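**Q** My structure is in run.pdb, and what it holds is PDB, C-alpha atoms, pLDDT in the B column:
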ATOM      1  CA  MET A   1      63.501  85.948 132.000  1.00 41.00           C
ATOM      2  CA  ARG A   2      62.835  85.093 128.358  1.00 43.00           C
ATOM      3  CA  ILE A   3      61.107  87.230 125.796  1.00 40.00           C
ATOM      4  CA  ASN A   4      58.185  84.806 125.651  1.00 42.00           C
ATOM      5  CA  ASP A   5      57.404  85.783 129.233  1.00 43.00           C
ATOM      6  CA  VAL A   6      57.068  89.396 128.179  1.00 40.00           C
ATOM      7  CA  VAL A   7      55.401  89.341 124.785  1.00 40.00           C
ATOM      8  CA  SER A   8      53.032  86.392 124.926  1.00 40.00           C
ATOM      9  CA  VAL A   9      50.171  87.319 122.609  1.00 38.00           C
ATOM     10  CA  GLU A  10      46.515  86.613 123.104  1.00 41.00           C
ATOM     11  CA  PRO A  11      44.832  85.509 119.825  1.00 37.00           C
ATOM     12  CA  GLU A  12      42.476  88.475 119.737  1.00 40.00           C
ATOM     13  CA  ALA A  13      45.356  90.939 120.279  1.00 41.00           C
ATOM     14  CA  PHE A  14      46.504  90.470 116.706  1.00 39.00           C
ATOM     15  CA  GLU A  15      43.602  92.558 115.461  1.00 42.00           C
ATOM     16  CA  SER A  16      45.233  95.694 116.833  1.00 45.00           C
ATOM     17  CA  ALA A  17      48.362  95.390 114.695  1.00 49.00           C
ATOM     18  CA  ASP A  18      48.415  96.205 110.989  1.00 55.00           C
ATOM     19  CA  PRO A  19      50.553  93.691 109.063  1.00 59.00           C
ATOM     20  CA  ASP A  20      51.244  96.390 106.465  1.00 60.00           C
ATOM     21  CA  GLY A  21      52.289  99.021 108.981  1.00 83.00           C
ATOM     22  CA  THR A  22      55.794 100.463 108.959  1.00 90.00           C
ATOM     23  CA  ASP A  23      58.269  99.574 111.667  1.00 92.00           C
ATOM     24  CA  GLU A  24      57.846 103.052 113.116  1.00 92.00           C
ATOM     25  CA  MET A  25      54.075 102.607 113.342  1.00 93.00           C
ATOM     26  CA  LEU A  26      54.471  99.231 115.011  1.00 93.00           C
ATOM     27  CA  VAL A  27      56.984 100.672 117.484  1.00 94.00           C
ATOM     28  CA  LEU A  28      54.508 103.382 118.447  1.00 93.00           C
ATOM     29  CA  ARG A  29      51.870 100.734 119.064  1.00 93.00           C
ATOM     30  CA  ALA A  30      54.294  98.524 120.966  1.00 92.00           C
ATOM     31  CA  ARG A  31      55.094 101.456 123.260  1.00 93.00           C
ATOM     32  CA  THR A  32      51.458 101.356 124.362  1.00 92.00           C
ATOM     33  CA  ASN A  33      51.973  97.721 125.345  1.00 89.00           C
ATOM     34  CA  ASP A  34      50.477  96.439 122.082  1.00 89.00           C
ATOM     35  CA  ARG A  35      52.281  93.125 122.145  1.00 88.00           C
ATOM     36  CA  ALA A  36      50.784  91.966 118.874  1.00 89.00           C
ATOM     37  CA  ALA A  37      52.554  94.879 117.201  1.00 90.00           C
ATOM     38  CA  PHE A  38      55.797  93.843 118.844  1.00 91.00           C
ATOM     39  CA  GLU A  39      55.279  90.270 117.683  1.00 91.00           C
ATOM     40  CA  LEU A  40      54.974  91.554 114.126  1.00 91.00           C
ATOM     41  CA  LEU A  41      58.244  93.431 114.587  1.00 91.00           C
ATOM     42  CA  MET A  42      59.960  90.260 115.775  1.00 93.00           C
ATOM     43  CA  ARG A  43      58.591  88.110 112.970  1.00 92.00           C
ATOM     44  CA  ARG A  44      59.471  90.742 110.401  1.00 90.00           C
ATOM     45  CA  HIS A  45      63.122  90.922 111.493  1.00 90.00           C
ATOM     46  CA  ASN A  46      63.836  87.483 112.949  1.00 90.00           C
ATOM     47  CA  GLN A  47      65.898  86.381 109.954  1.00 89.00           C
ATOM     48  CA  ARG A  48      68.157  89.406 110.122  1.00 91.00           C
ATOM     49  CA  VAL A  49      68.600  89.270 113.886  1.00 90.00           C
ATOM     50  CA  TYR A  50      69.356  85.549 113.694  1.00 91.00           C
ATOM     51  CA  ARG A  51      72.023  86.048 111.052  1.00 89.00           C
ATOM     52  CA  VAL A  52      73.627  88.851 113.009  1.00 90.00           C
ATOM     53  CA  VAL A  53      73.819  86.723 116.150  1.00 89.00           C
ATOM     54  CA  ARG A  54      74.895  83.670 114.154  1.00 89.00           C
ATOM     55  CA  SER A  55      77.829  85.664 112.840  1.00 88.00           C
ATOM     56  CA  VAL A  56      79.214  85.700 116.378  1.00 88.00           C
ATOM     57  CA  LEU A  57      77.915  82.574 118.096  1.00 88.00           C
ATOM     58  CA  ARG A  58      77.657  78.941 116.997  1.00 85.00           C
ATOM     59  CA  ASP A  59      75.618  77.073 119.608  1.00 87.00           C
ATOM     60  CA  PRO A  60      71.931  76.972 118.522  1.00 86.00           C
ATOM     61  CA  THR A  61      70.624  77.116 122.085  1.00 87.00           C
ATOM     62  CA  GLU A  62      72.812  80.086 122.967  1.00 90.00           C
ATOM     63  CA  ILE A  63      71.863  81.859 119.746  1.00 89.00           C
ATOM     64  CA  GLU A  64      68.164  81.553 120.517  1.00 91.00           C
ATOM     65  CA  ASP A  65      68.732  82.728 124.065  1.00 89.00           C
ATOM     66  CA  VAL A  66      70.633  85.799 122.849  1.00 91.00           C
ATOM     67  CA  ILE A  67      67.905  86.627 120.342  1.00 92.00           C
ATOM     68  CA  GLN A  68      65.295  86.371 123.055  1.00 91.00           C
ATOM     69  CA  GLN A  69      67.296  88.544 125.430  1.00 90.00           C
ATOM     70  CA  ALA A  70      67.822  91.120 122.684  1.00 92.00           C
ATOM     71  CA  TYR A  71      64.098  91.334 121.979  1.00 93.00           C
ATOM     72  CA  LEU A  72      63.392  91.528 125.683  1.00 92.00           C
ATOM     73  CA  GLN A  73      65.783  94.469 126.053  1.00 90.00           C
ATOM     74  CA  ALA A  74      64.297  96.115 122.974  1.00 92.00           C
ATOM     75  CA  PHE A  75      60.767  95.791 124.324  1.00 92.00           C
ATOM     76  CA  LEU A  76      61.702  97.144 127.733  1.00 90.00           C
ATOM     77  CA  HIS A  77      63.561 100.113 126.243  1.00 92.00           C
ATOM     78  CA  LEU A  78      61.372 101.076 123.299  1.00 93.00           C
ATOM     79  CA  ASP A  79      61.313 104.607 124.673  1.00 93.00           C
ATOM     80  CA  GLN A  80      65.025 104.862 123.815  1.00 93.00           C
ATOM     81  CA  PHE A  81      64.432 104.253 120.110  1.00 93.00           C
ATOM     82  CA  ASP A  82      64.588 107.743 118.633  1.00 90.00           C
ATOM     83  CA  GLY A  83      64.108 106.871 114.976  1.00 87.00           C
ATOM     84  CA  THR A  84      67.464 108.238 113.785  1.00 88.00           C
ATOM     85  CA  ALA A  85      68.266 104.718 112.528  1.00 88.00           C
ATOM     86  CA  ARG A  86      66.015 101.935 111.344  1.00 91.00           C
ATOM     87  CA  TRP A  87      64.417  99.847 114.058  1.00 92.00           C
ATOM     88  CA  SER A  88      66.036  96.741 112.559  1.00 93.00           C
ATOM     89  CA  THR A  89      69.465  98.382 112.925  1.00 93.00           C
ATOM     90  CA  TRP A  90      68.681  99.358 116.500  1.00 95.00           C
ATOM     91  CA  VAL A  91      67.599  95.870 117.537  1.00 93.00           C
ATOM     92  CA  CYS A  92      70.521  94.270 115.693  1.00 94.00           C
ATOM     93  CA  ARG A  93      72.861  96.501 117.667  1.00 94.00           C
ATOM     94  CA  ILE A  94      71.293  95.240 120.874  1.00 94.00           C
ATOM     95  CA  ALA A  95      71.545  91.640 119.679  1.00 93.00           C
ATOM     96  CA  ILE A  96      75.172  91.766 118.632  1.00 92.00           C
ATOM     97  CA  ASN A  97      76.192  93.510 121.848  1.00 92.00           C
ATOM     98  CA  GLU A  98      74.551  90.692 123.792  1.00 92.00           C
ATOM     99  CA  ALA A  99      76.316  88.104 121.618  1.00 91.00           C
ATOM    100  CA  LEU A 100      79.695  89.796 122.002  1.00 89.00           C
ATOM    101  CA  ALA A 101      79.192  89.985 125.746  1.00 89.00           C
ATOM    102  CA  ARG A 102      78.780  86.214 125.780  1.00 88.00           C
ATOM    103  CA  LEU A 103      82.043  85.818 123.886  1.00 82.00           C
ATOM    104  CA  ARG A 104      83.926  88.221 126.096  1.00 81.00           C
ATOM    105  CA  GLN A 105      82.818  86.248 129.121  1.00 79.00           C
ATOM    106  CA  ARG A 106      84.689  83.323 127.608  1.00 72.00           C
ATOM    107  CA  SER A 107      87.581  85.547 126.413  1.00 62.00           C
ATOM    108  CA  ARG A 108      87.176  84.306 122.857  1.00 53.00           C
ATOM    109  CA  PHE A 109      86.367  87.453 120.950  1.00 49.00           C
ATOM    110  CA  VAL A 110      89.209  88.978 118.933  1.00 49.00           C
ATOM    111  CA  SER A 111      88.551  92.647 118.263  1.00 50.00           C
ATOM    112  CA  SER A 112      91.739  93.473 116.365  1.00 49.00           C
ATOM    113  CA  ASP A 113      91.771  93.784 112.597  1.00 53.00           C
ATOM    114  CA  ASP A 114      94.990  91.772 112.684  1.00 49.00           C
ATOM    115  CA  ALA A 115      92.863  88.725 113.469  1.00 45.00           C
ATOM    116  CA  MET A 116      93.306  87.426 109.916  1.00 44.00           C
ATOM    117  CA  SER A 117      96.595  85.800 110.821  1.00 44.00           C
ATOM    118  CA  GLU A 118      98.330  83.002 108.959  1.00 42.00           C
ATOM    119  CA  GLY A 119      96.942  80.582 111.508  1.00 47.00           C
ATOM    120  CA  ALA A 120      93.403  81.782 110.945  1.00 44.00           C
ATOM    121  CA  MET A 121      93.868  81.522 107.202  1.00 44.00           C
ATOM    122  CA  ALA A 122      95.193  78.003 107.574  1.00 46.00           C
ATOM    123  CA  ASN A 123      92.192  76.971 109.634  1.00 48.00           C
ATOM    124  CA  LEU A 124      89.915  78.584 107.093  1.00 43.00           C
ATOM    125  CA  SER A 125      91.443  76.544 104.284  1.00 43.00           C
ATOM    126  CA  ARG A 126      91.152  73.206 106.056  1.00 46.00           C
ATOM    127  CA  LEU A 127      87.549  72.481 105.180  1.00 43.00           C
ATOM    128  CA  SER A 128      86.050  69.030 105.415  1.00 42.00           C
ATOM    129  CA  THR A 129      85.494  67.291 102.108  1.00 45.00           C
ATOM    130  CA  GLY A 130      82.389  65.379 101.158  1.00 50.00           C
ATOM    131  CA  ASP A 131      81.725  62.733  98.557  1.00 47.00           C
ATOM    132  CA  PRO A 132      81.247  64.630  95.268  1.00 42.00           C
ATOM    133  CA  GLU A 133      79.393  61.673  93.757  1.00 45.00           C
ATOM    134  CA  ARG A 134      76.742  61.681  96.466  1.00 42.00           C
ATOM    135  CA  GLU A 135      76.104  65.368  97.076  1.00 45.00           C
ATOM    136  CA  ALA A 136      74.310  67.686  94.739  1.00 50.00           C
ATOM    137  CA  ALA A 137      76.569  70.421  93.426  1.00 52.00           C
ATOM    138  CA  GLY A 138      74.439  73.267  94.722  1.00 56.00           C
ATOM    139  CA  ARG A 139      74.100  71.844  98.218  1.00 62.00           C
ATOM    140  CA  GLU A 140      77.797  71.081  98.434  1.00 65.00           C
ATOM    141  CA  PHE A 141      78.727  74.573  97.346  1.00 64.00           C
ATOM    142  CA  GLY A 142      76.357  76.062  99.914  1.00 68.00           C
ATOM    143  CA  GLN A 143      77.919  73.962 102.649  1.00 73.00           C
ATOM    144  CA  MET A 144      81.357  74.938 101.409  1.00 73.00           C
ATOM    145  CA  VAL A 145      80.512  78.621 101.672  1.00 75.00           C
ATOM    146  CA  GLU A 146      79.008  78.219 105.151  1.00 81.00           C
ATOM    147  CA  GLN A 147      82.095  76.352 106.359  1.00 80.00           C
ATOM    148  CA  ALA A 148      84.356  79.009 104.903  1.00 81.00           C
ATOM    149  CA  ILE A 149      82.382  81.815 106.529  1.00 86.00           C
ATOM    150  CA  ASP A 150      82.382  79.985 109.859  1.00 86.00           C
ATOM    151  CA  GLY A 151      86.165  79.811 109.602  1.00 84.00           C
ATOM    152  CA  LEU A 152      86.495  83.587 109.537  1.00 86.00           C
ATOM    153  CA  PRO A 153      87.369  85.496 112.726  1.00 85.00           C
ATOM    154  CA  GLU A 154      84.243  86.957 114.319  1.00 83.00           C
ATOM    155  CA  ILE A 155      84.793  90.557 113.250  1.00 83.00           C
ATOM    156  CA  TYR A 156      85.076  89.575 109.579  1.00 90.00           C
ATOM    157  CA  ARG A 157      82.308  87.008 109.707  1.00 90.00           C
ATOM    158  CA  ALA A 158      79.905  89.544 111.176  1.00 90.00           C
ATOM    159  CA  VAL A 159      80.595  92.123 108.473  1.00 92.00           C
ATOM    160  CA  LEU A 160      80.352  89.562 105.668  1.00 90.00           C
ATOM    161  CA  ILE A 161      77.027  88.191 106.862  1.00 90.00           C
ATOM    162  CA  MET A 162      75.507  91.617 107.418  1.00 91.00           C
ATOM    163  CA  ARG A 163      76.694  93.123 104.150  1.00 90.00           C
ATOM    164  CA  GLN A 164      76.724  90.209 101.698  1.00 87.00           C
ATOM    165  CA  ILE A 165      74.087  87.825 103.031  1.00 87.00           C
ATOM    166  CA  GLU A 166      71.641  90.096 104.809  1.00 89.00           C
ATOM    167  CA  GLY A 167      72.158  93.004 102.403  1.00 88.00           C
ATOM    168  CA  MET A 168      72.623  95.685 105.027  1.00 91.00           C
ATOM    169  CA  THR A 169      74.263  98.919 103.924  1.00 92.00           C
ATOM    170  CA  THR A 170      77.717  99.989 105.047  1.00 94.00           C
ATOM    171  CA  ILE A 171      76.140 102.662 107.255  1.00 94.00           C
ATOM    172  CA  GLU A 172      73.730 100.192 108.857  1.00 92.00           C
ATOM    173  CA  THR A 173      76.481  97.670 109.501  1.00 92.00           C
ATOM    174  CA  ALA A 174      78.723 100.342 110.974  1.00 93.00           C
ATOM    175  CA  ALA A 175      75.896 101.421 113.270  1.00 92.00           C
ATOM    176  CA  VAL A 176      75.321  97.865 114.487  1.00 92.00           C
ATOM    177  CA  LEU A 177      79.014  97.217 115.135  1.00 91.00           C
ATOM    178  CA  ASP A 178      79.680 100.750 116.425  1.00 91.00           C
ATOM    179  CA  VAL A 179      82.616 101.424 114.112  1.00 92.00           C
ATOM    180  CA  GLU A 180      83.317 103.873 111.305  1.00 95.00           C
ATOM    181  CA  PRO A 181      82.061 103.027 107.782  1.00 94.00           C
ATOM    182  CA  ASP A 182      85.659 102.872 106.504  1.00 95.00           C
ATOM    183  CA  VAL A 183      86.339 100.083 109.005  1.00 94.00           C
ATOM    184  CA  ILE A 184      83.420  98.124 107.592  1.00 94.00           C
ATOM    185  CA  LYS A 185      84.778  98.555 104.066  1.00 94.00           C
ATOM    186  CA  THR A 186      88.221  97.333 105.121  1.00 94.00           C
ATOM    187  CA  ARG A 187      86.872  94.335 106.988  1.00 93.00           C
ATOM    188  CA  LEU A 188      84.556  93.417 104.127  1.00 93.00           C
ATOM    189  CA  HIS A 189      87.452  93.545 101.676  1.00 93.00           C
ATOM    190  CA  ARG A 190      89.532  91.258 103.881  1.00 92.00           C
ATOM    191  CA  ALA A 191      86.617  88.902 104.497  1.00 91.00           C
ATOM    192  CA  ARG A 192      85.909  88.577 100.775  1.00 90.00           C
ATOM    193  CA  ALA A 193      89.568  87.884 100.047  1.00 90.00           C
ATOM    194  CA  ALA A 194      89.769  85.236 102.761  1.00 88.00           C
ATOM    195  CA  LEU A 195      86.531  83.624 101.643  1.00 86.00           C
ATOM    196  CA  ARG A 196      87.672  83.560  98.030  1.00 86.00           C
ATOM    197  CA  THR A 197      90.976  81.944  99.022  1.00 85.00           C
ATOM    198  CA  ALA A 198      89.227  79.289 101.100  1.00 81.00           C
ATOM    199  CA  ILE A 199      86.802  78.382  98.329  1.00 78.00           C
ATOM    200  CA  GLU A 200      89.548  78.311  95.695  1.00 78.00           C
ATOM    201  CA  ASN A 201      91.580  75.979  97.908  1.00 77.00           C
ATOM    202  CA  ARG A 202      88.587  73.728  98.392  1.00 71.00           C
ATOM    203  CA  VAL A 203      87.667  73.684  94.706  1.00 68.00           C
ATOM    204  CA  GLY A 204      91.272  73.147  93.675  1.00 65.00           C
ATOM    205  CA  GLY A 205      91.530  70.148  95.943  1.00 59.00           C
ATOM    206  CA  GLN A 206      88.458  68.616  94.367  1.00 59.00           C
ATOM    207  CA  MET A 207      89.374  69.205  90.717  1.00 55.00           C
ATOM    208  CA  LYS A 208      90.715  65.686  90.449  1.00 55.00           C
ATOM    209  CA  ASN A 209      87.272  64.427  91.453  1.00 55.00           C
ATOM    210  CA  ALA A 210      85.501  66.218  88.588  1.00 54.00           C
ATOM    211  CA  TYR A 211      83.873  64.099  85.886  1.00 51.00           C
ATOM    212  CA  THR A 212      84.446  60.931  87.855  1.00 52.00           C
ATOM    213  CA  PHE A 213      83.716  57.579  86.312  1.00 54.00           C
ATOM    214  CA  GLY A 214      82.684  55.467  89.294  1.00 60.00           C
ATOM    215  CA  ASN A 215      83.303  51.774  89.768  1.00 66.00           C
ATOM    216  CA  GLU A 216      79.801  50.745  88.778  1.00 73.00           C
ATOM    217  CA  ARG A 217      79.889  52.665  85.519  1.00 57.00           C
ATOM    218  CA  CYS A 218      83.405  51.467  84.793  1.00 65.00           C
ATOM    219  CA  ASP A 219      82.446  47.843  85.380  1.00 73.00           C
ATOM    220  CA  ARG A 220      79.382  48.188  83.180  1.00 71.00           C
ATOM    221  CA  VAL A 221      81.308  49.572  80.210  1.00 66.00           C
ATOM    222  CA  VAL A 222      84.144  47.057  80.533  1.00 68.00           C
ATOM    223  CA  ALA A 223      81.694  44.202  80.763  1.00 74.00           C
ATOM    224  CA  ALA A 224      79.802  45.423  77.695  1.00 75.00           C
ATOM    225  CA  VAL A 225      83.012  45.736  75.654  1.00 68.00           C
ATOM    226  CA  LEU A 226      84.196  42.290  76.678  1.00 71.00           C
ATOM    227  CA  THR A 227      80.828  40.853  75.777  1.00 79.00           C
ATOM    228  CA  ARG A 228      80.909  42.428  72.336  1.00 71.00           C
ATOM    229  CA  LEU A 229      84.468  41.239  71.773  1.00 69.00           C
ATOM    230  CA  LYS A 230      83.459  37.737  72.717  1.00 70.00           C
ATOM    231  CA  LEU A 231      80.496  37.862  70.341  1.00 74.00           C
ATOM    232  CA  GLY A 232      82.775  39.034  67.564  1.00 66.00           C
ATOM    233  CA  GLU A 233      85.147  36.105  67.829  1.00 56.00           C
TER     234      GLU A 233
END
Take the structure in this file and express it as structure tokens.
**A**
Amino acid sequence: MRINDVVSVEPEAFESADPDGTDEMLVLRARTNDRAAFELLMRRHNQRVYRVVRSVLRDPTEIEDVIQQAYLQAFLHLDQFDGTARWSTWVCRIAINEALARLRQRSRFVSSDDAMSEGAMANLSRLSTGDPEREAAGREFGQMVEQAIDGLPEIYRAVLIMRQIEGMTTIETAAVLDVEPDVIKTRLHRARAALRTAIENRVGGQMKNAYTFGNERCDRVVAAVLTRLKLGE
């Protein structure tokens, strides 16, 4: 069953949910089967939940399915949300557990902090190169960062995305991943170091391509000089 089967919203139902309400208020309403309130909760936190799941999984279809299943579980077990953590943290915990379960089914998840092996570092450094003359610098750098993050082992990628990209606190991230805050700090330090190394390797390999003088420009200047020399004879 998908979440759409559970929280389909009738147009008039939206009137019962206050867009400015807190998560806690919306949860209370959702517990009374106010599905418009639950829709607001989903829309409010979709970006964060997506990034959390994306830190573990790659396939777009599987990611969407996991997000839907996480929301479904959250809706069905709203009575278990006790408010000791933020609702976004609670639902992210559900989402990442679902994502990790998918990985464990395929025996691909590495839970050890020794996952940053030389082999993993080597794979992280081998990033595809684009044509620096055809890609805008900002877009290329963004792609470079995404590729580098994708090259991290799952446990480091998850921490980096939650802390650096999504802006979650150490405590929130630790709650989602069910580890101690000190573990989050260690993993974040290692992830940053690995990411920095990967980007430096990529940038270093492209230094020779900086300030390029392409064939067309070269031909134009040479032709102009030769023309002026000929006119000066």
**Q** What does the structure give for the distance between atom CA of A:Ile199 and atom CA of A:Gln47, in Å to one decimal?
**A** 25.2 Å
**Q** What does the distance from atom CA of A:Val52 to atom CA of A:Ala37 come to in Å, to one decimal?
**A** 22.3 Å
**Q** Write out as a ChimeraX atom specification which residues come within 12 Å of stretch 162-168 of chain A when counting all atoms listed in the file, dropping same-chain ones fewer than 4 positions away.
**A** /A:45-56,86,88-89,92-93,96,145-146,149,155-158,172-177,181,184-185,187-189,191-192,195
**Q** Starting from the PyMOL selection byres ((chain A and resi 29) around 12), expand the selection into actual residues of this file and give them as an MDAnalysis selection string.
**A** chainID A and resid 13:14 16:18 21:28 30:41 75 78:79
**Q** Box for stretch 176-187 of chain A: with edges along x, y and z, all listed atoms inside and 4 Å added on each side, what are the centre and edge lengths in Å to one decimal, as lines of an AutoDock Vina configuration file?
**A**
center_x = 81.8
center_y = 99.1
center_z = 110.2
size_x = 20.9
size_y = 17.5
size_z = 20.4
**Q** If you measure from atom CA of A:Thr197 to atom CA of A:Gln143, what distance in Å do you get, rounded to one decimal?
**A**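 Atom-to-atom, atom CA of A:Thr197 and atom CA of A:Gln143 are spaced 15.7 Å apart.
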**Q** Decode the PyMOL selection byres ((chain A and resi 103) around 12) for the given file into explicit residues and return them as a ChimeraX atom specification.
**A** /A:53,55-59,62-63,66,96-102,104-111,154-155
